[in-house]
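Structure data (TSV, C-alpha atoms and all ligand atoms) from upload.tsv:
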```tsv
chain	number	residue	atom	x	y	z
A	1	MET	CA	-5.47	10.66	18.61
A	2	SER	CA	-3.18	8.70	20.89
A	3	THR	CA	-1.71	5.54	19.43
A	4	PRO	CA	-3.41	2.60	21.14
A	5	SER	CA	-0.68	0.48	22.77
A	6	ALA	CA	-2.44	-2.58	21.29
A	7	ASN	CA	-1.18	-1.33	17.94
A	8	ASN	CA	2.40	-1.23	19.19
A	9	PRO	CA	3.09	-4.62	20.73
A	10	LEU	CA	6.72	-4.29	19.63
A	11	GLU	CA	7.35	-1.22	21.73
A	12	ALA	CA	9.33	-3.10	24.38
A	13	LEU	CA	11.36	-4.83	21.66
A	14	ARG	CA	12.33	-1.66	19.76
A	15	PRO	CA	15.80	-1.39	21.38
A	16	VAL	CA	16.82	-4.93	20.37
A	17	LEU	CA	15.29	-4.45	16.92
A	18	GLU	CA	17.24	-1.25	16.42
A	19	LEU	CA	20.48	-3.08	17.27
A	20	LEU	CA	19.68	-5.88	14.83
A	21	ALA	CA	18.45	-3.51	12.11
A	22	ASP	CA	21.95	-3.27	10.59
A	23	GLY	CA	21.74	-6.91	9.44
A	24	GLU	CA	25.11	-7.72	11.08
A	25	VAL	CA	25.82	-10.58	13.52
A	26	HIS	CA	25.49	-9.59	17.19
A	27	SER	CA	26.50	-11.92	20.02
A	28	GLY	CA	24.03	-12.56	22.83
A	29	GLN	CA	26.56	-11.04	25.20
A	30	ALA	CA	26.96	-7.85	23.14
A	31	LEU	CA	23.20	-7.47	22.85
A	32	GLY	CA	22.82	-7.99	26.61
A	33	THR	CA	25.48	-5.38	27.37
A	34	ALA	CA	23.99	-2.83	24.95
A	35	LEU	CA	20.50	-3.38	26.37
A	36	GLY	CA	21.58	-3.67	29.99
A	37	VAL	CA	19.90	-7.06	30.45
A	38	SER	CA	21.04	-10.68	31.00
A	39	ARG	CA	21.69	-13.09	28.13
A	40	ALA	CA	18.61	-15.05	29.19
A	41	ALA	CA	16.52	-11.89	28.84
A	42	VAL	CA	18.04	-11.29	25.39
A	43	TRP	CA	17.07	-14.82	24.38
A	44	LYS	CA	13.46	-14.21	25.45
A	45	GLN	CA	13.31	-11.01	23.40
A	46	LEU	CA	14.70	-12.75	20.35
A	47	GLN	CA	12.06	-15.46	20.64
A	48	LYS	CA	9.36	-12.79	20.74
A	49	LEU	CA	10.75	-11.22	17.56
A	50	GLU	CA	10.24	-14.49	15.75
A	51	GLN	CA	6.55	-14.35	16.67
A	52	PHE	CA	6.34	-11.29	14.39
A	53	GLY	CA	7.53	-13.40	11.49
A	54	LEU	CA	11.01	-11.88	11.54
A	55	ALA	CA	13.47	-14.43	10.17
A	56	LEU	CA	16.12	-14.19	12.85
A	57	GLU	CA	19.18	-16.24	11.96
A	58	SER	CA	21.38	-17.86	14.56
A	59	VAL	CA	25.03	-17.93	13.44
A	60	LYS	CA	26.83	-20.77	15.19
A	61	GLY	CA	29.31	-19.58	17.82
A	62	ARG	CA	28.85	-15.94	16.83
A	63	GLY	CA	25.34	-14.75	17.63
A	64	TYR	CA	22.25	-13.59	15.78
A	65	ARG	CA	21.37	-11.50	12.79
A	66	LEU	CA	18.40	-10.35	10.77
A	67	PRO	CA	19.38	-11.16	7.18
A	68	GLY	CA	18.94	-8.06	5.02
A	69	GLY	CA	18.54	-5.88	8.11
A	70	LEU	CA	15.47	-3.79	8.85
A	71	ASN	CA	14.42	-0.28	7.90
A	72	LEU	CA	11.73	0.47	10.46
A	73	LEU	CA	9.06	3.09	9.95
A	74	ASP	CA	9.50	6.07	12.20
A	75	ALA	CA	7.03	8.95	12.58
A	76	ALA	CA	9.73	11.61	13.10
A	77	ALA	CA	11.66	10.45	10.02
A	78	ILE	CA	8.48	10.49	7.91
A	79	GLU	CA	7.61	13.99	9.12
A	80	THR	CA	11.06	15.23	8.16
A	81	GLY	CA	10.36	14.31	4.54
A	82	LEU	CA	6.97	16.04	4.32
A	83	SER	CA	6.40	19.06	2.08
A	84	ALA	CA	4.87	22.21	3.54
A	85	ALA	CA	1.60	21.44	1.74
A	86	ALA	CA	1.42	17.89	3.12
A	87	THR	CA	2.33	19.07	6.63
A	88	SER	CA	-0.51	21.57	6.62
A	89	LEU	CA	-3.03	18.98	5.39
A	90	LEU	CA	-1.96	16.18	7.71
A	91	GLY	CA	-4.27	15.84	10.72
A	92	GLU	CA	-2.24	13.20	12.51
A	93	LEU	CA	0.43	10.67	11.70
A	94	VAL	CA	0.19	7.25	13.32
A	95	VAL	CA	2.80	4.52	12.92
A	96	ALA	CA	1.57	1.21	14.30
A	97	ASP	CA	3.52	-2.02	14.62
A	98	ARG	CA	0.63	-4.36	13.95
A	99	VAL	CA	-3.08	-3.84	13.23
A	100	ASP	CA	-5.77	-5.94	11.57
A	101	SER	CA	-6.08	-3.52	8.64
A	102	THR	CA	-5.18	0.15	8.50
A	103	ASN	CA	-8.34	0.68	6.41
A	104	ALA	CA	-10.46	-0.96	9.11
A	105	GLN	CA	-8.81	1.24	11.77
A	106	LEU	CA	-9.44	4.43	9.80
A	107	LEU	CA	-13.05	3.48	9.04
A	108	GLY	CA	-13.59	2.96	12.76
A	109	LEU	CA	-12.19	6.43	13.49
A	110	LEU	CA	-14.34	8.06	10.80
A	111	GLU	CA	-17.44	6.33	12.08
A	112	ARG	CA	-16.70	7.83	15.50
A	113	GLY	CA	-16.54	11.28	13.90
A	114	GLY	CA	-12.73	11.64	13.72
A	115	GLY	CA	-10.12	10.53	11.21
A	116	HIS	CA	-10.04	13.49	8.82
A	117	GLY	CA	-6.47	13.91	7.60
A	118	VAL	CA	-5.23	11.03	9.74
A	119	ALA	CA	-2.56	8.92	8.04
A	120	MET	CA	-1.91	5.53	9.54
A	121	PHE	CA	1.03	3.32	8.60
A	122	ALA	CA	1.43	-0.21	9.94
A	123	GLU	CA	4.51	-2.41	9.85
A	124	GLN	CA	2.25	-5.45	9.67
A	125	GLN	CA	-1.42	-6.17	8.96
A	126	THR	CA	-2.99	-9.38	10.17
A	127	ALA	CA	-6.10	-8.91	8.01
A	128	GLY	CA	-4.95	-6.59	5.22
A	129	ARG	CA	-7.73	-6.32	2.67
A	130	GLY	CA	-8.07	-5.96	-1.07
A	131	ARG	CA	-11.21	-5.52	-3.16
A	132	ARG	CA	-14.27	-7.72	-2.71
A	133	GLY	CA	-13.11	-9.55	0.40
A	134	ARG	CA	-9.72	-10.51	-1.00
A	135	SER	CA	-6.70	-10.24	1.22
A	136	TRP	CA	-3.56	-8.16	1.00
A	137	VAL	CA	-0.41	-9.89	2.19
A	138	SER	CA	1.44	-7.51	4.52
A	139	PRO	CA	4.12	-9.19	6.64
A	140	PHE	CA	6.14	-7.23	9.19
A	141	SER	CA	8.26	-4.54	7.55
A	142	GLY	CA	7.67	-6.02	4.08
A	143	GLY	CA	6.14	-2.92	2.55
A	144	ILE	CA	4.27	0.30	3.11
A	145	ASN	CA	0.73	-0.16	4.38
A	146	LEU	CA	-0.97	3.22	4.53
A	147	SER	CA	-4.51	4.48	5.03
A	148	ILE	CA	-5.64	8.11	5.00
A	149	GLY	CA	-9.07	9.28	6.17
A	150	TRP	CA	-10.75	12.20	4.41
A	151	GLN	CA	-14.14	13.81	5.01
A	152	PHE	CA	-15.88	15.87	2.37
A	153	SER	CA	-19.33	17.12	1.49
A	154	GLY	CA	-21.17	16.97	-1.81
A	155	GLY	CA	-21.69	13.25	-2.17
A	156	VAL	CA	-19.68	10.35	-3.39
A	157	GLN	CA	-20.00	11.21	-7.08
A	158	LEU	CA	-17.28	13.82	-6.49
A	159	LEU	CA	-14.85	10.96	-5.95
A	160	GLU	CA	-15.44	9.27	-9.30
A	161	GLY	CA	-12.11	8.01	-10.66
A	162	LEU	CA	-10.29	8.60	-7.36
A	163	SER	CA	-8.72	5.12	-7.18
A	164	LEU	CA	-7.12	5.74	-10.60
A	165	ALA	CA	-5.88	9.18	-9.55
A	166	VAL	CA	-4.35	7.59	-6.45
A	167	GLY	CA	-2.49	5.23	-8.81
A	168	VAL	CA	-1.06	8.27	-10.63
A	169	ALA	CA	-0.02	9.80	-7.28
A	170	LEU	CA	1.75	6.56	-6.32
A	171	ALA	CA	3.52	6.39	-9.67
A	172	ARG	CA	4.72	9.98	-9.13
A	173	ALA	CA	6.02	9.11	-5.65
A	174	LEU	CA	7.85	6.06	-7.06
A	175	ALA	CA	9.32	8.19	-9.87
A	176	GLU	CA	11.10	10.29	-7.22
A	177	PHE	CA	13.11	7.15	-6.44
A	178	GLU	CA	13.62	6.35	-10.11
A	179	VAL	CA	11.74	3.07	-9.87
A	180	PRO	CA	11.78	1.77	-13.46
A	181	ASP	CA	8.92	0.38	-15.56
A	182	VAL	CA	6.01	1.50	-13.36
A	183	ARG	CA	2.61	1.09	-15.01
A	184	LEU	CA	-1.04	1.27	-13.96
A	185	LYS	CA	-3.62	-1.45	-14.38
A	186	TRP	CA	-7.26	-0.42	-14.34
A	187	PRO	CA	-8.81	0.18	-11.91
A	188	ASN	CA	-6.62	-0.02	-8.81
A	189	ASP	CA	-3.22	-1.64	-9.32
A	190	VAL	CA	0.31	-0.37	-9.75
A	191	TRP	CA	2.43	-2.78	-11.77
A	192	CYS	CA	6.12	-3.01	-12.43
A	193	ARG	CA	7.61	-5.25	-15.13
A	194	GLY	CA	4.24	-6.89	-15.69
A	195	ARG	CA	3.68	-7.81	-12.04
A	196	LYS	CA	1.73	-6.31	-9.19
A	197	LEU	CA	3.77	-3.93	-7.04
A	198	ALA	CA	1.03	-2.04	-5.21
A	199	GLY	CA	-2.73	-1.94	-4.74
A	200	VAL	CA	-5.27	0.73	-3.86
A	201	LEU	CA	-8.45	0.13	-1.87
A	202	LEU	CA	-10.97	2.93	-1.30
A	203	GLU	CA	-13.65	2.44	1.33
A	204	LEU	CA	-16.50	4.86	2.03
A	205	SER	CA	-18.56	5.77	5.05
A	206	GLY	CA	-21.28	8.28	5.97
A	207	ASP	CA	-24.12	9.66	3.86
A	208	LEU	CA	-23.07	8.89	0.30
A	209	THR	CA	-25.33	11.65	-1.04
A	210	ASP	CA	-23.94	14.40	1.19
A	211	ARG	CA	-21.36	14.47	4.00
A	212	CYS	CA	-19.25	11.39	3.67
A	213	ALA	CA	-15.74	10.14	4.15
A	214	VAL	CA	-13.30	8.02	2.23
A	215	VAL	CA	-10.45	5.86	3.42
A	216	VAL	CA	-7.67	5.70	0.86
A	217	GLY	CA	-5.75	2.49	1.49
A	218	VAL	CA	-2.49	1.79	-0.27
A	219	GLY	CA	-0.16	-1.19	-0.03
A	220	VAL	CA	3.28	-1.12	-1.69
A	221	ASN	CA	5.63	-4.10	-1.63
A	222	VAL	CA	9.14	-3.14	-0.58
A	223	GLY	CA	10.77	-6.43	0.43
A	224	LEU	CA	8.35	-9.34	0.69
A	225	PRO	CA	9.83	-12.48	2.29
A	226	GLN	CA	9.27	-15.49	-0.01
A	227	GLY	CA	7.45	-17.38	2.74
A	228	ALA	CA	4.77	-14.72	3.19
A	229	ALA	CA	4.49	-14.11	-0.54
A	230	ALA	CA	3.60	-17.76	-1.15
A	231	ALA	CA	0.03	-16.78	-0.27
A	232	ILE	CA	-0.23	-14.41	-3.28
A	233	ASP	CA	-2.05	-16.06	-6.16
A	234	GLN	CA	-0.85	-13.81	-9.00
A	235	PRO	CA	2.51	-12.49	-10.24
A	236	TRP	CA	3.88	-9.93	-7.78
A	237	ILE	CA	7.02	-7.87	-7.40
A	238	ASP	CA	8.68	-5.76	-4.72
A	239	LEU	CA	10.86	-2.66	-4.87
A	240	ASN	CA	13.94	-4.45	-3.54
A	241	SER	CA	14.07	-6.61	-6.64
A	242	VAL	CA	14.04	-3.67	-9.09
A	243	CYS	CA	15.54	-0.80	-7.17
A	244	ALA	CA	17.07	-1.92	-3.86
A	245	GLY	CA	17.89	0.43	-1.00
A	246	ILE	CA	14.87	2.76	-1.02
A	247	ASP	CA	14.41	4.20	2.45
A	248	ARG	CA	10.88	3.29	3.61
A	249	ASN	CA	10.48	6.51	5.62
A	250	ARG	CA	11.39	8.65	2.61
A	251	LEU	CA	9.01	6.66	0.43
A	252	ALA	CA	6.26	6.99	3.06
A	253	ALA	CA	6.77	10.78	3.08
A	254	ALA	CA	6.78	10.95	-0.72
A	255	MET	CA	3.46	9.07	-0.78
A	256	LEU	CA	1.89	11.52	1.69
A	257	ASN	CA	3.31	14.46	-0.29
A	258	GLN	CA	1.38	13.22	-3.31
A	259	LEU	CA	-1.75	11.87	-1.66
A	260	LEU	CA	-2.71	14.62	0.79
A	261	PRO	CA	-2.80	17.43	-1.83
A	262	LEU	CA	-4.62	15.05	-4.18
A	263	LEU	CA	-7.35	14.45	-1.60
A	264	ASP	CA	-7.59	18.13	-0.80
A	265	SER	CA	-8.14	19.19	-4.40
A	266	TYR	CA	-9.97	16.16	-5.81
A	267	PRO	CA	-13.58	17.18	-5.06
A	268	GLU	CA	-12.93	20.30	-7.17
A	269	CYS	CA	-10.70	19.08	-9.98
A	270	GLY	CA	-11.87	15.46	-10.33
A	271	PHE	CA	-10.34	12.76	-12.51
A	272	ALA	CA	-10.10	14.94	-15.63
A	273	ALA	CA	-6.93	16.47	-14.15
A	274	TYR	CA	-5.31	13.00	-13.96
A	275	ARG	CA	-6.63	11.34	-17.10
A	276	ASP	CA	-3.68	12.11	-19.39
A	277	ALA	CA	-1.16	11.09	-16.74
A	278	TRP	CA	-3.08	7.84	-16.16
A	279	GLN	CA	-3.15	7.05	-19.86
A	280	ASP	CA	0.60	7.68	-20.18
A	281	LEU	CA	1.11	4.93	-17.61
A	282	ASP	CA	-1.56	2.51	-18.89
A	283	GLN	CA	-0.17	-1.06	-18.85
A	284	PHE	CA	-2.72	-2.33	-21.35
A	285	ALA	CA	-3.29	0.57	-23.77
A	286	GLY	CA	-3.98	-0.83	-27.25
A	287	ARG	CA	-3.65	-4.42	-26.07
A	288	PRO	CA	-6.15	-7.27	-26.07
A	289	VAL	CA	-7.79	-7.71	-22.68
A	290	CYS	CA	-10.57	-9.63	-21.06
A	291	LEU	CA	-12.99	-8.00	-18.61
A	292	ARG	CA	-14.82	-10.23	-16.17
A	293	SER	CA	-17.77	-9.65	-13.89
A	294	ALA	CA	-19.45	-12.35	-11.79
A	295	GLN	CA	-21.94	-12.93	-14.64
A	296	ARG	CA	-20.02	-12.53	-17.90
A	297	GLU	CA	-16.92	-11.53	-19.75
A	298	TRP	CA	-16.01	-9.21	-22.63
A	299	ARG	CA	-12.96	-9.42	-24.88
A	300	GLY	CA	-11.61	-6.45	-26.76
A	301	ILE	CA	-8.81	-3.92	-27.14
A	302	ALA	CA	-8.13	-1.61	-24.19
A	303	ALA	CA	-8.51	2.03	-25.30
A	304	GLY	CA	-7.67	4.01	-22.18
A	305	VAL	CA	-10.17	5.66	-19.82
A	306	ASP	CA	-12.71	8.48	-20.05
A	307	ASN	CA	-12.95	11.61	-17.90
A	308	SER	CA	-14.77	9.69	-15.17
A	309	GLY	CA	-12.16	6.91	-15.01
A	310	ALA	CA	-14.34	4.35	-16.81
A	311	LEU	CA	-12.36	1.84	-18.89
A	312	LEU	CA	-12.86	2.11	-22.66
A	313	LEU	CA	-12.91	-1.12	-24.60
A	314	GLU	CA	-13.13	-1.64	-28.37
A	315	VAL	CA	-15.43	-4.62	-28.86
A	316	ASP	CA	-16.19	-5.65	-32.46
A	317	GLY	CA	-15.55	-2.13	-33.75
A	318	GLU	CA	-17.71	-0.53	-31.08
A	319	ARG	CA	-16.35	1.49	-28.15
A	320	ARG	CA	-17.88	0.58	-24.78
A	321	SER	CA	-17.21	2.00	-21.34
A	322	PHE	CA	-17.00	0.04	-18.08
A	323	HIS	CA	-17.10	1.36	-14.55
A	324	GLY	CA	-15.04	-0.27	-11.74
A	325	GLY	CA	-16.86	-2.04	-8.95
A	326	GLU	CA	-17.20	-5.68	-9.71
A	327	ILE	CA	-15.12	-5.85	-12.87
A	328	SER	CA	-11.64	-7.37	-13.20
A	329	LEU	CA	-9.29	-6.83	-16.13
A	330	ARG	CA	-6.79	-9.41	-17.38
A	331	GLY	CA	-4.38	-9.24	-20.31
A	332	GLN	CA	-4.99	-11.76	-23.10
A	333	GLU	CA	-1.44	-12.11	-24.39
B	401	LIG	P1	-8.79	-6.89	-9.91
B	401	LIG	O1	-8.95	-5.58	-9.24
B	401	LIG	O2	-8.57	-6.81	-11.35
B	401	LIG	O3	-9.82	-7.89	-9.53
B	401	LIG	P2	-6.70	-8.16	-8.36
B	401	LIG	O4	-6.76	-9.61	-8.70
B	401	LIG	O5	-5.37	-7.52	-8.25
B	401	LIG	O6	-7.41	-7.30	-9.41
B	401	LIG	P3	-7.51	-6.98	-5.88
B	401	LIG	O7	-8.70	-7.22	-5.04
B	401	LIG	O8	-7.31	-5.65	-6.50
B	401	LIG	O9	-7.49	-8.07	-7.02
B	401	LIG	O10	-6.22	-7.30	-5.00
B	401	LIG	C1	-6.18	-8.40	-4.14
B	401	LIG	C2	-5.31	-9.48	-4.78
B	401	LIG	O11	-3.97	-9.01	-4.83
B	401	LIG	C3	-5.23	-10.76	-4.00
B	401	LIG	O12	-6.29	-11.60	-4.33
B	401	LIG	C4	-3.87	-11.33	-4.41
B	401	LIG	O13	-3.98	-12.00	-5.63
B	401	LIG	C5	-3.06	-10.08	-4.67
B	401	LIG	N1	-2.16	-9.73	-3.54
B	401	LIG	C6	-2.36	-9.86	-2.21
B	401	LIG	N2	-1.32	-9.37	-1.51
B	401	LIG	C7	-0.44	-8.91	-2.43
B	401	LIG	C8	0.82	-8.28	-2.34
B	401	LIG	N3	1.41	-7.99	-1.18
B	401	LIG	N4	1.43	-7.96	-3.51
B	401	LIG	C9	0.87	-8.21	-4.71
B	401	LIG	N5	-0.32	-8.80	-4.85
B	401	LIG	C10	-0.98	-9.13	-3.73
B	402	LIG	C1	-5.93	-4.32	-3.93
B	402	LIG	O1	-5.03	-4.41	-4.76
B	402	LIG	O2	-6.97	-4.95	-3.95
B	402	LIG	C2	-5.83	-3.30	-2.86
B	402	LIG	C3	-4.85	-3.63	-1.79
B	402	LIG	C4	-4.83	-2.52	-0.76
B	402	LIG	C5	-3.96	-2.84	0.39
B	402	LIG	C6	-3.86	-1.69	1.35
B	402	LIG	S1	-2.61	-1.95	2.58
B	402	LIG	C7	-3.18	-0.59	3.49
B	402	LIG	C8	-4.70	-0.63	3.43
B	402	LIG	N1	-5.24	-1.48	4.48
B	402	LIG	C9	-5.84	-2.55	3.98
B	402	LIG	O3	-6.37	-3.44	4.66
B	402	LIG	N2	-5.80	-2.53	2.64
B	402	LIG	C10	-5.12	-1.36	2.14
```
Please rewrite the model in this file as structure tokens.
Amino acid sequence: MSTPSANNPLEALRPVLELLADGEVHSGQALGTALGVSRAAVWKQLQKLEQFGLALESVKGRGYRLPGGLNLLDAAAIETGLSAAATSLLGELVVADRVDSTNAQLLGLLERGGGHGVAMFAEQQTAGRGRRGRSWVSPFSGGINLSIGWQFSGGVQLLEGLSLAVGVALARALAEFEVPDVRLKWPNDVWCRGRKLAGVLLELSGDLTDRCAVVVGVGVNVGLPQGAAAAIDQPWIDLNSVCAGIDRNRLAAAMLNQLLPLLDSYPECGFAAYRDAWQDLDQFAGRPVCLRSAQREWRGIAAGVDNSGALLLEVDGERRSFHGGEISLRGQE
């Protein structure tokens, strides 16, 4: 699959971005010389960067800088970090500058008969999505936005519990970078220090009783600018505030190293192979929680998950199980 140029509107600005990526001050003149263009042309390019939400700072009498610098995603750097297993399972790696939603892009590919094994990363999503029509805030270079397409036969029941298993895979990838205090919140969140660090969104297409496909969408916050994060209506956290300096390309590769083998083996091994690992990371195990659907709510003590990934809740001395879908879990403490 060739990368549609519409997904890479920054292509012409890559050289100036790479110069500014070190976070240091660069004069207009130095940028012009390095790029082989006039100062007026530099100025135009810098204005365009701001349209991507990049907080370019003008330092009086000295030049311009991107505070904090930039660690851009790069397909070659991601490929370098892939394991042999992930390399053999990867159909294609796409790194886009800006898309509506990597999940939407992958679903489109799958509906056109392609997409198996395709992993798409995007620096920015303009319509990043969460569950049930909610949105996922994904400003330029603020995190890892990844979707992987996977086709399989045997019907959707083979994927029971997959969003929880993906959470385990993400926790394992984060453990490689010694990210502290990572926990999982049923059914699809990765938390850190009691706040949301990452989310998982699975979307299906095809014949759900036979040959079908899943898009595994994952968003991880790396360094969310405060301005963009103002739109998030619950406690959130990013990696930079707990464990600064993680290379996004290495993290992207670590995620693929976990997720591709997971997808390959999941129809055979199912959630049972991940249940213990999930329970070891359970944010709410043994704690009072409230489950809400559109119609009602249940209060009880969270008691882990069963072999299908259903949440177990102790309600008035009775153990009940709840499947994902329309249900939200909140702590009661
Ligand atoms: P539940 O699955 O229990 O309903 P949830 O409230 O986390 O949990 P989701 O649909 O899973 O809902 O995720 C979308 C929500 O995540 C958004 O409504 C918003 O509150 C939050 N959110 C959006 N972007 C981010 C982000 N970058 N980091 C953390 N949280 C975010
Ligand atoms: C959630 O917590 O509800 C899930 C958030 C999932 C966000 C990721 S970012 C990459 C992929 N593309 C999307 O539009 N959503 C997922």
As a quick test: using all atoms listed in the file, which residues lie no more than 6 Å away from ligand LIG 402 (chain B)? Give them as a PDB file with C-alpha atoms, keeping the file's coordinate frame.
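So part_38.pdb came out as:
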```pdb
ATOM      1  CA  SER A 101      -6.080  -3.520   8.640  1.00  0.00           C
ATOM      2  CA  THR A 102      -5.180   0.150   8.500  1.00  0.00           C
ATOM      3  CA  ASN A 103      -8.340   0.680   6.410  1.00  0.00           C
ATOM      4  CA  GLY A 128      -4.950  -6.590   5.220  1.00  0.00           C
ATOM      5  CA  ARG A 129      -7.730  -6.320   2.670  1.00  0.00           C
ATOM      6  CA  GLY A 130      -8.070  -5.960  -1.070  1.00  0.00           C
ATOM      7  CA  ARG A 131     -11.210  -5.520  -3.160  1.00  0.00           C
ATOM      8  CA  TRP A 136      -3.560  -8.160   1.000  1.00  0.00           C
ATOM      9  CA  ASN A 145       0.730  -0.160   4.380  1.00  0.00           C
ATOM     10  CA  LEU A 146      -0.970   3.220   4.530  1.00  0.00           C
ATOM     11  CA  SER A 147      -4.510   4.480   5.030  1.00  0.00           C
ATOM     12  CA  ASP A 189      -3.220  -1.640  -9.320  1.00  0.00           C
ATOM     13  CA  GLY A 199      -2.730  -1.940  -4.740  1.00  0.00           C
ATOM     14  CA  VAL A 200      -5.270   0.730  -3.860  1.00  0.00           C
ATOM     15  CA  LEU A 201      -8.450   0.130  -1.870  1.00  0.00           C
ATOM     16  CA  GLY A 217      -5.750   2.490   1.490  1.00  0.00           C
ATOM     17  CA  VAL A 218      -2.490   1.790  -0.270  1.00  0.00           C
ATOM     18  CA  GLY A 219      -0.160  -1.190  -0.030  1.00  0.00           C
TER      19      GLY A 219
END
```
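For the residues A:Gln45, A:Ser328, A:Gln258, A:Ser293, ranking by smallest atom-to-atom distance to Asn188 (chain A) using only C-alpha atoms places A:Ser328 first.
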Checklist entry - Can you tell me how far CA of Leu70 (chain A) sits from CA of Ser141 (chain A), in Å to one decimal? => result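 So the two atoms, CA of Leu70 (chain A) and CA of Ser141 (chain A), lie 7.4 Å apart.
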Using only C-alpha atoms and all ligand atoms, which protein or nucleic acid residues are at most 7 Å from ligand LIG 401 (chain B), as an mmCIF file with C-alpha atoms, in the frame of the given file?
```cif
data_model
loop_
_atom_site.group_PDB
_atom_site.id
_atom_site.type_symbol
_atom_site.label_atom_id
_atom_site.label_comp_id
_atom_site.auth_asym_id
_atom_site.auth_seq_id
_atom_site.Cartn_x
_atom_site.Cartn_y
_atom_site.Cartn_z
ATOM 1 C CA GLY A 130 -8.070 -5.960 -1.070
ATOM 2 C CA ARG A 131 -11.210 -5.520 -3.160
ATOM 3 C CA ARG A 132 -14.270 -7.720 -2.710
ATOM 4 C CA ARG A 134 -9.720 -10.510 -1.000
ATOM 5 C CA SER A 135 -6.700 -10.240 1.220
ATOM 6 C CA TRP A 136 -3.560 -8.160 1.000
ATOM 7 C CA VAL A 137 -0.410 -9.890 2.190
ATOM 8 C CA SER A 138 1.440 -7.510 4.520
ATOM 9 C CA PRO A 187 -8.810 0.180 -11.910
ATOM 10 C CA ASN A 188 -6.620 -0.020 -8.810
ATOM 11 C CA ASP A 189 -3.220 -1.640 -9.320
ATOM 12 C CA LYS A 196 1.730 -6.310 -9.190
ATOM 13 C CA LEU A 197 3.770 -3.930 -7.040
ATOM 14 C CA ALA A 198 1.030 -2.040 -5.210
ATOM 15 C CA GLY A 199 -2.730 -1.940 -4.740
ATOM 16 C CA ASN A 221 5.630 -4.100 -1.630
ATOM 17 C CA ALA A 229 4.490 -14.110 -0.540
ATOM 18 C CA ILE A 232 -0.230 -14.410 -3.280
ATOM 19 C CA ASP A 233 -2.050 -16.060 -6.160
ATOM 20 C CA GLN A 234 -0.850 -13.810 -9.000
ATOM 21 C CA TRP A 236 3.880 -9.930 -7.780
ATOM 22 C CA ILE A 237 7.020 -7.870 -7.400
ATOM 23 C CA ILE A 327 -15.120 -5.850 -12.870
ATOM 24 C CA SER A 328 -11.640 -7.370 -13.200
ATOM 25 C CA LEU A 329 -9.290 -6.830 -16.130
ATOM 26 C CA ARG A 330 -6.790 -9.410 -17.380
#
```
Item to check | Selection: 12 Å around region 181-183 of chain A, only C-alpha atoms, excl. self and same-chain fewer than 5 positions, as an MDAnalysis selection string | outcome: chainID A and resid 164 167:176 188:199 237:239 242:243 277:285
Checklist entry - When distances are computed from only C-alpha atoms, which of A:Leu72, A:Ala34, A:Ala165, A:Ala12 shows the smallest separation from Leu49 (chain A)? => result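 Answer, going by the shortest atom-to-atom distance: A:Ala12.
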Need to verify the contact set: Pro9 (chain A), 10 Å, only C-alpha atoms, exclusion of same-chain residues closer than 2 positions in sequence. Can you return it as an mmCIF file with C-alpha atoms, keeping the file's coordinate frame?
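Saved as around_21.cif:
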```
data_model
loop_
_atom_site.group_PDB
_atom_site.id
_atom_site.type_symbol
_atom_site.label_atom_id
_atom_site.label_comp_id
_atom_site.auth_asym_id
_atom_site.auth_seq_id
_atom_site.Cartn_x
_atom_site.Cartn_y
_atom_site.Cartn_z
ATOM 1 C CA PRO A 4 -3.410 2.600 21.140
ATOM 2 C CA SER A 5 -0.680 0.480 22.770
ATOM 3 C CA ALA A 6 -2.440 -2.580 21.290
ATOM 4 C CA ASN A 7 -1.180 -1.330 17.940
ATOM 5 C CA GLU A 11 7.350 -1.220 21.730
ATOM 6 C CA ALA A 12 9.330 -3.100 24.380
ATOM 7 C CA LEU A 13 11.360 -4.830 21.660
ATOM 8 C CA ARG A 14 12.330 -1.660 19.760
ATOM 9 C CA PHE A 52 6.340 -11.290 14.390
ATOM 10 C CA ALA A 96 1.570 1.210 14.300
ATOM 11 C CA ASP A 97 3.520 -2.020 14.620
ATOM 12 C CA ARG A 98 0.630 -4.360 13.950
ATOM 13 C CA VAL A 99 -3.080 -3.840 13.230
#
```
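If all atoms listed in the file are the atoms counted, then among A:Leu17, A:Ala127, A:Val216, A:Cys290 the closest residue to Ser163 (chain A) is A:Val216.
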Item to check | Shortest interatomic distance to Val220 (chain A) - which of A:Ala30, A:Leu20, A:Leu204, A:Ala252, counting all atoms listed in the file | outcome: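 The closest residue to Val220 (chain A) is A:Ala252.
Around Thr87 (chain A), within 9 Å and counting all atoms listed in the file, the residues found are Glu79, Asn257 and Leu260 of chain A, once anything fewer than 6 positions away on its own chain is removed.
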